[in-house]
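Peer 1: Handing you a structure now.
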Amino acid sequence: MSLDVSPALLEQAERGEVDEAAFVDCVRTSLPYAWEMVSSLVAQLKVDGGQFADNQTPPPDEQARGQLLRALASDAIRGALQRHFGVRLAFQNCHRLAVFPLDSSVDETLARFTSARNQLLNQSPELRDC
């Protein structure tokens, strides 16, 4: 299981209603590396401004890489993170996470970042098995 779900949160889900704040907290505590990555990029974007902030440093170990992959591969987790932080997330390879503001003025930059062309240009032999 990728999340450490409390009995109370599991009970909520079984009843059919899940409090988003409780779900976000579950993500925060279950996937601390991924949470820190997103929150630090959001802070960087707020401080530095610009069209996006991204990470290009590979995770320190496989556990951290797994957390990042689980967070970004799950539509529910990714969506909750985007709503919580008020950003759009984009992901390349096994670690290049970027945060974009919700502002439509960066739509073209986001489209370029997530394009097949940029995915291909961001490849390297070192990342082949990530």
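Ligands are numbered from 1 in the order shown, residues from 1 within each chain, and chains are lettered A, B, ... in the order they appear in the structure tokens.
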Tell me, as a ChimeraX atom specification, which residues lie within 12 Å of Val38 (chain A), counting only C-alpha atoms; anything in the same chain fewer than 2 positions away does not count.
Peer 2: /A:27-28,31-36,40-45,53-55,67-68,71-72,77-78,80-82,84-91,95-100
Peer 1: Take the residues from that selection and write them out as a compact mmCIF listing (two decimals), in the first residue's frame, keeping N, CA, C and O atoms.
Peer 2:
# COMPACT_ATOMS: atom_id res chain seq x y z
N VAL A 27 -1.51 11.95 2.70
CA VAL A 27 -0.46 12.02 1.67
C VAL A 27 0.80 12.64 2.28
O VAL A 27 1.91 12.12 2.09
N ARG A 28 0.64 13.73 3.02
CA ARG A 28 1.79 14.42 3.62
C ARG A 28 2.58 13.48 4.54
O ARG A 28 3.81 13.44 4.48
N LEU A 31 3.95 10.12 2.33
CA LEU A 31 4.91 10.36 1.25
C LEU A 31 5.70 11.64 1.53
O LEU A 31 5.63 12.62 0.80
N PRO A 32 6.48 11.64 2.62
CA PRO A 32 7.14 12.89 3.03
C PRO A 32 8.13 13.45 2.01
O PRO A 32 8.26 14.66 1.88
N TYR A 33 8.84 12.60 1.29
CA TYR A 33 9.78 13.11 0.28
C TYR A 33 9.02 13.83 -0.82
O TYR A 33 9.38 14.95 -1.22
N ALA A 34 7.98 13.21 -1.33
CA ALA A 34 7.18 13.82 -2.39
C ALA A 34 6.54 15.12 -1.90
O ALA A 34 6.53 16.13 -2.61
N TRP A 35 6.01 15.10 -0.67
CA TRP A 35 5.39 16.29 -0.10
C TRP A 35 6.40 17.43 -0.02
O TRP A 35 6.11 18.56 -0.41
N GLU A 36 7.58 17.13 0.49
CA GLU A 36 8.61 18.16 0.64
C GLU A 36 9.04 18.70 -0.72
O GLU A 36 9.29 19.90 -0.87
N SER A 40 8.46 22.56 -1.46
CA SER A 40 9.64 23.40 -1.68
C SER A 40 9.60 24.06 -3.06
O SER A 40 10.02 25.22 -3.20
N LEU A 41 9.10 23.37 -4.06
CA LEU A 41 8.99 23.98 -5.39
C LEU A 41 7.92 25.07 -5.40
O LEU A 41 8.09 26.10 -6.06
N VAL A 42 6.84 24.86 -4.67
CA VAL A 42 5.81 25.89 -4.56
C VAL A 42 6.39 27.14 -3.90
O VAL A 42 6.19 28.27 -4.35
N ALA A 43 7.15 26.95 -2.83
CA ALA A 43 7.79 28.07 -2.14
C ALA A 43 8.78 28.77 -3.07
O ALA A 43 8.83 30.01 -3.11
N GLN A 44 9.55 28.00 -3.83
CA GLN A 44 10.51 28.58 -4.77
C GLN A 44 9.79 29.41 -5.82
O GLN A 44 10.23 30.51 -6.17
N LEU A 45 8.68 28.90 -6.33
CA LEU A 45 7.92 29.63 -7.33
C LEU A 45 7.39 30.94 -6.76
O LEU A 45 7.45 31.99 -7.42
N ALA A 53 8.71 26.44 -11.46
CA ALA A 53 9.88 26.03 -10.68
C ALA A 53 9.98 24.52 -10.84
O ALA A 53 8.96 23.82 -10.84
N ASP A 54 11.20 24.02 -11.01
CA ASP A 54 11.34 22.58 -11.21
C ASP A 54 12.55 22.03 -10.47
O ASP A 54 13.45 22.75 -10.07
N ASN A 55 12.53 20.73 -10.30
CA ASN A 55 13.61 19.99 -9.65
C ASN A 55 14.32 19.17 -10.72
O ASN A 55 13.67 18.47 -11.50
N GLN A 67 8.27 7.24 -3.64
CA GLN A 67 7.28 8.17 -3.13
C GLN A 67 6.88 9.18 -4.19
O GLN A 67 5.69 9.48 -4.37
N LEU A 68 7.85 9.71 -4.89
CA LEU A 68 7.57 10.69 -5.93
C LEU A 68 6.74 10.07 -7.05
O LEU A 68 5.76 10.66 -7.51
N ALA A 71 3.14 9.49 -5.85
CA ALA A 71 2.38 10.74 -5.74
C ALA A 71 1.95 11.27 -7.10
O ALA A 71 0.82 11.72 -7.27
N LEU A 72 2.83 11.20 -8.07
CA LEU A 72 2.54 11.78 -9.38
C LEU A 72 1.78 10.82 -10.28
O LEU A 72 1.10 11.27 -11.21
N ILE A 77 -4.08 11.51 -5.80
CA ILE A 77 -3.04 12.19 -5.02
C ILE A 77 -2.58 13.45 -5.75
O ILE A 77 -2.50 14.53 -5.16
N ARG A 78 -2.30 13.31 -7.01
CA ARG A 78 -1.83 14.46 -7.80
C ARG A 78 -2.86 15.59 -7.76
O ARG A 78 -2.53 16.75 -7.56
N ALA A 80 -5.21 16.14 -5.52
CA ALA A 80 -5.30 16.71 -4.18
C ALA A 80 -4.12 17.66 -3.92
O ALA A 80 -4.31 18.73 -3.32
N LEU A 81 -2.93 17.27 -4.35
CA LEU A 81 -1.76 18.14 -4.18
C LEU A 81 -1.94 19.44 -4.97
O LEU A 81 -1.64 20.52 -4.46
N GLN A 82 -2.42 19.34 -6.18
CA GLN A 82 -2.62 20.54 -7.00
C GLN A 82 -3.64 21.47 -6.36
O GLN A 82 -3.43 22.69 -6.31
N HIS A 84 -4.52 21.55 -3.14
CA HIS A 84 -4.01 22.03 -1.85
C HIS A 84 -3.02 23.18 -2.03
O HIS A 84 -3.09 24.18 -1.31
N PHE A 85 -2.10 23.02 -2.97
CA PHE A 85 -1.07 24.04 -3.17
C PHE A 85 -1.46 25.12 -4.18
O PHE A 85 -0.75 26.11 -4.33
N GLY A 86 -2.56 24.92 -4.91
CA GLY A 86 -2.98 25.91 -5.89
C GLY A 86 -2.05 26.03 -7.07
O GLY A 86 -1.78 27.14 -7.54
N VAL A 87 -1.56 24.89 -7.55
CA VAL A 87 -0.64 24.86 -8.69
C VAL A 87 -1.02 23.73 -9.63
O VAL A 87 -1.87 22.90 -9.31
N ARG A 88 -0.36 23.71 -10.77
CA ARG A 88 -0.43 22.57 -11.69
C ARG A 88 0.92 21.87 -11.62
O ARG A 88 1.96 22.52 -11.60
N LEU A 89 0.89 20.55 -11.60
CA LEU A 89 2.12 19.76 -11.53
C LEU A 89 2.40 19.14 -12.89
O LEU A 89 1.48 18.69 -13.58
N ALA A 90 3.66 19.10 -13.24
CA ALA A 90 4.10 18.43 -14.47
C ALA A 90 5.29 17.55 -14.09
O ALA A 90 6.07 17.90 -13.19
N PHE A 91 5.45 16.44 -14.79
CA PHE A 91 6.43 15.44 -14.37
C PHE A 91 7.11 14.84 -15.59
O PHE A 91 6.46 14.47 -16.57
N HIS A 95 12.11 12.02 -11.81
CA HIS A 95 12.35 13.01 -10.77
C HIS A 95 12.11 14.46 -11.18
O HIS A 95 12.05 15.32 -10.32
N ARG A 96 12.01 14.76 -12.44
CA ARG A 96 11.88 16.17 -12.83
C ARG A 96 10.44 16.63 -12.66
O ARG A 96 9.61 16.53 -13.56
N LEU A 97 10.18 17.12 -11.49
CA LEU A 97 8.87 17.64 -11.14
C LEU A 97 8.90 19.15 -11.30
O LEU A 97 9.87 19.80 -10.93
N ALA A 98 7.83 19.70 -11.87
CA ALA A 98 7.71 21.15 -12.00
C ALA A 98 6.36 21.58 -11.48
O ALA A 98 5.37 20.85 -11.59
N VAL A 99 6.32 22.78 -10.90
CA VAL A 99 5.07 23.38 -10.48
C VAL A 99 4.85 24.63 -11.31
O VAL A 99 5.77 25.41 -11.54
N PHE A 100 3.63 24.77 -11.78
CA PHE A 100 3.22 25.91 -12.59
C PHE A 100 2.06 26.60 -11.89
O PHE A 100 1.19 25.93 -11.33
Peer 1: List every residue of chain A that DSSP, applied to the backbone, labels as alpha helix (DSSP H), and write the result as a VMD selection string.
Peer 2: chain A and resid 7 to 15 20 to 30 32 to 48 62 to 73 75 to 85 107 to 113 116 to 121
Peer 1: Would you please work out which residue, of A:Ser74, A:Thr114, A:Asn93, A:Ser30, is nearest to Pro59 (chain A) when using only C-alpha atoms?
Peer 2: A:Asn93
Peer 1: Work out how far CA of Cys26 (chain A) is from CA of Val5 (chain A), in Å to one decimal.
Peer 2: 6.5 Å
Peer 1: Step one, run DSSP on the backbone; step two, keep only residues of chain A assigned to strand (DSSP E or B); then write them as a ChimeraX atom specification.
Peer 2: /A:53-54,87-92,96-101
Peer 1: If you keep N, CA, C and O atoms, can you produce a file of those selected residues as a PDB file, in the first residue's frame?
Peer 2:
ATOM      1  N   ALA A  53       8.706  26.443 -11.459  1.00  0.00           N
ATOM      2  CA  ALA A  53       9.879  26.025 -10.682  1.00  0.00           C
ATOM      3  C   ALA A  53       9.975  24.520 -10.841  1.00  0.00           C
ATOM      4  O   ALA A  53       8.955  23.821 -10.839  1.00  0.00           O
ATOM      5  N   ASP A  54      11.204  24.024 -11.012  1.00  0.00           N
ATOM      6  CA  ASP A  54      11.343  22.584 -11.205  1.00  0.00           C
ATOM      7  C   ASP A  54      12.548  22.031 -10.474  1.00  0.00           C
ATOM      8  O   ASP A  54      13.448  22.754 -10.074  1.00  0.00           O
ATOM      9  N   VAL A  87      -1.560  24.892  -7.554  1.00  0.00           N
ATOM     10  CA  VAL A  87      -0.638  24.863  -8.689  1.00  0.00           C
ATOM     11  C   VAL A  87      -1.022  23.732  -9.634  1.00  0.00           C
ATOM     12  O   VAL A  87      -1.867  22.902  -9.314  1.00  0.00           O
ATOM     13  N   ARG A  88      -0.361  23.713 -10.771  1.00  0.00           N
ATOM     14  CA  ARG A  88      -0.432  22.572 -11.688  1.00  0.00           C
ATOM     15  C   ARG A  88       0.917  21.868 -11.625  1.00  0.00           C
ATOM     16  O   ARG A  88       1.958  22.516 -11.601  1.00  0.00           O
ATOM     17  N   LEU A  89       0.892  20.554 -11.596  1.00  0.00           N
ATOM     18  CA  LEU A  89       2.120  19.757 -11.527  1.00  0.00           C
ATOM     19  C   LEU A  89       2.397  19.138 -12.890  1.00  0.00           C
ATOM     20  O   LEU A  89       1.477  18.693 -13.580  1.00  0.00           O
ATOM     21  N   ALA A  90       3.661  19.096 -13.241  1.00  0.00           N
ATOM     22  CA  ALA A  90       4.102  18.427 -14.467  1.00  0.00           C
ATOM     23  C   ALA A  90       5.292  17.554 -14.090  1.00  0.00           C
ATOM     24  O   ALA A  90       6.070  17.896 -13.192  1.00  0.00           O
ATOM     25  N   PHE A  91       5.450  16.439 -14.787  1.00  0.00           N
ATOM     26  CA  PHE A  91       6.429  15.438 -14.374  1.00  0.00           C
ATOM     27  C   PHE A  91       7.114  14.839 -15.587  1.00  0.00           C
ATOM     28  O   PHE A  91       6.461  14.475 -16.565  1.00  0.00           O
ATOM     29  N   GLN A  92       8.450  14.758 -15.532  1.00  0.00           N
ATOM     30  CA  GLN A  92       9.248  14.091 -16.569  1.00  0.00           C
ATOM     31  C   GLN A  92      10.187  13.114 -15.888  1.00  0.00           C
ATOM     32  O   GLN A  92      10.669  13.370 -14.781  1.00  0.00           O
ATOM     33  N   ARG A  96      12.007  14.763 -12.438  1.00  0.00           N
ATOM     34  CA  ARG A  96      11.883  16.172 -12.833  1.00  0.00           C
ATOM     35  C   ARG A  96      10.436  16.632 -12.664  1.00  0.00           C
ATOM     36  O   ARG A  96       9.609  16.528 -13.556  1.00  0.00           O
ATOM     37  N   LEU A  97      10.183  17.116 -11.493  1.00  0.00           N
ATOM     38  CA  LEU A  97       8.872  17.637 -11.139  1.00  0.00           C
ATOM     39  C   LEU A  97       8.899  19.146 -11.305  1.00  0.00           C
ATOM     40  O   LEU A  97       9.875  19.798 -10.928  1.00  0.00           O
ATOM     41  N   ALA A  98       7.832  19.696 -11.867  1.00  0.00           N
ATOM     42  CA  ALA A  98       7.715  21.147 -12.003  1.00  0.00           C
ATOM     43  C   ALA A  98       6.358  21.582 -11.483  1.00  0.00           C
ATOM     44  O   ALA A  98       5.370  20.849 -11.585  1.00  0.00           O
ATOM     45  N   VAL A  99       6.323  22.775 -10.902  1.00  0.00           N
ATOM     46  CA  VAL A  99       5.069  23.376 -10.479  1.00  0.00           C
ATOM     47  C   VAL A  99       4.846  24.629 -11.309  1.00  0.00           C
ATOM     48  O   VAL A  99       5.775  25.414 -11.539  1.00  0.00           O
ATOM     49  N   PHE A 100       3.629  24.771 -11.776  1.00  0.00           N
ATOM     50  CA  PHE A 100       3.215  25.907 -12.588  1.00  0.00           C
ATOM     51  C   PHE A 100       2.062  26.598 -11.890  1.00  0.00           C
ATOM     52  O   PHE A 100       1.192  25.930 -11.328  1.00  0.00           O
ATOM     53  N   PRO A 101       2.010  27.927 -11.923  1.00  0.00           N
ATOM     54  CA  PRO A 101       0.855  28.613 -11.341  1.00  0.00           C
ATOM     55  C   PRO A 101      -0.409  28.291 -12.145  1.00  0.00           C
ATOM     56  O   PRO A 101      -0.326  27.826 -13.285  1.00  0.00           O
TER      57      PRO A 101
END
Peer 1: Would you mind reading off the distance between CA of Ala111 (chain A) and CA of Gly50 (chain A), one decimal, in Å?
Peer 2: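 Going from CA of Ala111 (chain A) over to CA of Gly50 (chain A) covers 15.6 Å.
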Peer 1: Ranking A:Ala76, A:Leu69, A:Met37, A:Val18 by minimum distance to Thr57 (chain A) and counting only C-alpha atoms, which one comes first?
Peer 2: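 Ranked by minimum distance to Thr57 (chain A), first place goes to A:Met37.
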Peer 1: Rounded to one decimal, what separation in Å do you get between CA of Arg70 (chain A) and CA of Ser104 (chain A)?
Peer 2: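 CA of Arg70 (chain A) sits 27.2 Å away from CA of Ser104 (chain A).
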